[in-house]
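Chemist: One structure follows; several queries about it will come next.
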Amino acid sequence: MSLSLFIARRIYGSSAPQDARVSRPAVTIAMIGIAVGLVVMMLSVAIALGFKQEVRDKVIGFGSHIQVANFTRTDVYETRPVVGSDSIRQVIRQASPGVEHIQRFAIKPGMLKTDDNFQGIILKGIAQEYDTTFLANHLVEGRIPHFTDSVASGEVLVSRQVADKMGLHVGDKINTYYIEKNVRARRFTISGIFQTHFTEYDDRFFITDLYTASRLNNWKDRDLVSGMELRISPDASLEQCADEVSSVINRQTDRYGNAYLAQSIEQLYPSIFAWLEVLDTNVVVILVLMLGVAGFTMISGLLILILERTNMIGILKALGAPDLTIRRIFLYFSAFLILKGMFWGNLIGISLCLAQKYGGIVHLDPKTYYVEVVPVLIDVPLLLLLNLFTLLVSVLMLVGPSLLISRIKPVKAIRFE
């Protein structure tokens with residue numbers, strides 16, 4: 001064991017009142033500053049990651065990772081069709097190995113009307129290959145029917161938000177209307193109610209079979225769809241897959257001369273993902289502020305410790321100890337305090353994250369934040385990196401103040417009271 005480390009451990013383990021008249025409260029405050037700073041940083045990162053994942057999963061759950069639709073479509077809710085035959089789906093699969101699943105859909109804007117209220121809707125028809133896992137995870141009442149492209153089910157899924165607004169329940173019959181040259185009506189039975197808290201979708205979308213949506217659009221060709229949703233594998237890059245699909249499919253036209261256009265979910269909803277990116281900036285600001293606060297409390301604690309240990313510094317210099325050795329004593333001592341503060345910070349921070357993750361203690365307004373409780377995602381590698389970064393930055397911030405030791409003269413220091 002080196003001399004610096006030995007003396008640092010003795011100072012750290014000393015609890016005699018005469019050895020800690022001023023420094024003990026100061027270093028305790030510094031240690032608390034490290035712990036509080038780490039707790040705030042951990043919570044900020046975990047909540048930001050959880051919120052981004054929650055919102056992203058909901059957007060992708062409704063629209064998948066990539067959509068292939070008509071090139072002339074200018075709005076997500078337009079109904080300009082393209083051919084979604086088996087052959088074009090095979091072309092898409094071969095375009096990118098990251099494409100895991102392809103599902104067809106058709107949409108039709110309309111209106112829901114009850115005896116005393118009405119509501120604009122987007123009827124979304126889905127086929128038998130459609131992955132309903134997302135809908136099943138957010139189903140609060142009823143069941144999900146087996147939707148197909150060959151027969152009308154006469155059933156529909158509605159959101160809890162619309163059901164509460166219109167006074168609807170599972171099993172109710174509802175009348176919907178669609179305006180073409182003439183007003184067309186369809187009667188559905190509510191088979192299930194879902195709730196995602198994602199207002200943009202919950203306010204608008206009704207889910208039924210592809211056959212019904214196609215008929216309402218007057219599409220005679222059974223291969224015509226509003227678009228195809230592509231889900232990519234978990235280890236695939238969204239940007240890379242979108243580029244690979246676009247490079248192939250954007251050059252294709254269907255048998256009616258309609259050009260295809262592939263867009264990633266980030267391109268379809270840029271405002272949502274831009275908003276999520278702002279969270280990263282907020283987290284960076286919080287991390288910088290908390291590291292600054294923790295670092296400056298440690299600096300103040302170190303300076304007070306050096307001041308109180310001036311006599312000891314003078315004796316060590318008189319005995320021939322170089323400045324570097326004495327500086328290491330205080331840096332080792334500071335590292336012990338930082339590690340202790342980090343221990344308590346991790347213990348409190350992880351406990352709060354787990355309590356929120358499994359207990360849902362803090363709630364949010366889902367109309368504003370799209371989630372009912374504060375989401376938390378505990379990324380272990382990122383937390384380890386955060387701890388390492390905190391330790392390095394805190395110690396490096398103390399290197400400068402430790403230079404004060406080299407300016408202390410042994411003669412004056414030994415007589416220092």
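In the structure tokens, the first chain shown is A, the next is B, and so on; residue numbers restart at 1 for each chain, and ligands run from 1 in the order shown.
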I want to know what sits within 10 Å of stretch 326-334 of chain A, based on only C-alpha atoms, with residues of the same chain fewer than 3 positions away left out; could you give that as a ChimeraX atom specification?
Modeler: /A:2-13,27,30-31,298-299,301-303,305-306,309,312-313,316-317,321-323,337-340,394-396,398-399,401-406
Chemist: I want to know what sits within 12 Å of stretch 179-192 of chain A, based on only C-alpha atoms, with residues of the same chain fewer than 4 positions away left out; could you give that as a PyMOL selection string?
Modeler: chain A and resi 108-114+120+123+135-136+138-147+152-160+162-163+168-175+206-209+212-213+215-218
Chemist: Keeping only C-alpha atoms, write the selected residues to a file as a PDB file, in the first residue's frame.
Modeler:
```pdb
ATOM      1  CA  LYS A 108     -61.722   5.475 -44.850  1.00  0.00           C
ATOM      2  CA  PRO A 109     -62.656   8.796 -43.212  1.00  0.00           C
ATOM      3  CA  GLY A 110     -66.212   8.919 -41.944  1.00  0.00           C
ATOM      4  CA  MET A 111     -68.480   9.932 -39.105  1.00  0.00           C
ATOM      5  CA  LEU A 112     -69.991   8.156 -36.123  1.00  0.00           C
ATOM      6  CA  LYS A 113     -73.448   9.373 -35.126  1.00  0.00           C
ATOM      7  CA  THR A 114     -75.554   8.495 -32.126  1.00  0.00           C
ATOM      8  CA  GLY A 120     -65.393  12.230 -36.953  1.00  0.00           C
ATOM      9  CA  LEU A 123     -62.001   3.630 -40.154  1.00  0.00           C
ATOM     10  CA  LEU A 135     -54.133  -3.829 -29.801  1.00  0.00           C
ATOM     11  CA  ALA A 136     -54.344  -6.843 -27.482  1.00  0.00           C
ATOM     12  CA  HIS A 138     -54.111  -2.125 -24.840  1.00  0.00           C
ATOM     13  CA  LEU A 139     -57.504  -3.843 -24.909  1.00  0.00           C
ATOM     14  CA  VAL A 140     -59.504  -2.914 -21.803  1.00  0.00           C
ATOM     15  CA  GLU A 141     -62.832  -4.550 -22.646  1.00  0.00           C
ATOM     16  CA  GLY A 142     -64.199  -7.153 -25.025  1.00  0.00           C
ATOM     17  CA  ARG A 143     -62.223  -9.097 -27.615  1.00  0.00           C
ATOM     18  CA  ILE A 144     -60.406  -8.687 -30.921  1.00  0.00           C
ATOM     19  CA  PRO A 145     -62.293 -10.360 -33.807  1.00  0.00           C
ATOM     20  CA  HIS A 146     -60.590 -12.276 -36.578  1.00  0.00           C
ATOM     21  CA  PHE A 147     -60.475  -9.657 -39.323  1.00  0.00           C
ATOM     22  CA  ALA A 152     -67.244  -8.400 -43.665  1.00  0.00           C
ATOM     23  CA  SER A 153     -67.068  -9.044 -39.933  1.00  0.00           C
ATOM     24  CA  GLY A 154     -69.603  -6.366 -38.966  1.00  0.00           C
ATOM     25  CA  GLU A 155     -67.493  -5.708 -35.856  1.00  0.00           C
ATOM     26  CA  VAL A 156     -65.305  -2.814 -34.825  1.00  0.00           C
ATOM     27  CA  LEU A 157     -62.827  -1.829 -32.119  1.00  0.00           C
ATOM     28  CA  VAL A 158     -63.182   1.658 -30.618  1.00  0.00           C
ATOM     29  CA  SER A 159     -61.098   3.578 -28.110  1.00  0.00           C
ATOM     30  CA  ARG A 160     -62.070   4.145 -24.486  1.00  0.00           C
ATOM     31  CA  VAL A 162     -64.529   7.756 -27.885  1.00  0.00           C
ATOM     32  CA  ALA A 163     -66.637   5.190 -26.009  1.00  0.00           C
ATOM     33  CA  LEU A 168     -70.809   3.369 -25.942  1.00  0.00           C
ATOM     34  CA  HIS A 169     -70.231  -0.117 -24.527  1.00  0.00           C
ATOM     35  CA  VAL A 170     -69.115  -3.512 -25.786  1.00  0.00           C
ATOM     36  CA  GLY A 171     -71.972  -5.116 -27.701  1.00  0.00           C
ATOM     37  CA  ASP A 172     -73.615  -1.832 -28.716  1.00  0.00           C
ATOM     38  CA  LYS A 173     -74.688  -1.288 -32.317  1.00  0.00           C
ATOM     39  CA  ILE A 174     -73.358   1.903 -33.905  1.00  0.00           C
ATOM     40  CA  ASN A 175     -74.091   3.676 -37.171  1.00  0.00           C
ATOM     41  CA  PHE A 206     -61.851   2.639 -35.419  1.00  0.00           C
ATOM     42  CA  ILE A 207     -60.507  -0.800 -36.332  1.00  0.00           C
ATOM     43  CA  THR A 208     -62.434  -3.200 -38.579  1.00  0.00           C
ATOM     44  CA  ASP A 209     -61.736  -5.678 -41.399  1.00  0.00           C
ATOM     45  CA  THR A 212     -65.281  -3.521 -45.327  1.00  0.00           C
ATOM     46  CA  ALA A 213     -62.853  -0.604 -45.664  1.00  0.00           C
ATOM     47  CA  ARG A 215     -65.778  -1.802 -50.151  1.00  0.00           C
ATOM     48  CA  LEU A 216     -66.431   1.612 -48.647  1.00  0.00           C
ATOM     49  CA  ASN A 217     -63.656   2.993 -50.860  1.00  0.00           C
ATOM     50  CA  ASN A 218     -65.314   1.415 -53.929  1.00  0.00           C
TER      51      ASN A 218
END
```
Chemist: Compare A:Asp202, A:Asp164, A:Glu244, A:Asp86 by their minimum atom-to-atom distance to A:Ile232, counting only C-alpha atoms, and give me the closest one.
Modeler: A:Glu244
Chemist: Step one, run DSSP on the backbone; step two, keep only residues of stretch 116-353 of chain A assigned to alpha helix (DSSP H); then write them as a ChimeraX atom specification.
Modeler: /A:133-137,160-166,199-202,210-216,238-249,265-268,270-308,310-318,323-353
Chemist: Which residue out of A:Ile66, A:Leu354, A:Ile32, A:Ile378 has the minimum interatomic distance to A:Phe51 when only C-alpha atoms are used?
Modeler: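 Going through A:Ile66, A:Leu354, A:Ile32, A:Ile378 one by one, the smallest distance to A:Phe51 is for A:Ile378.
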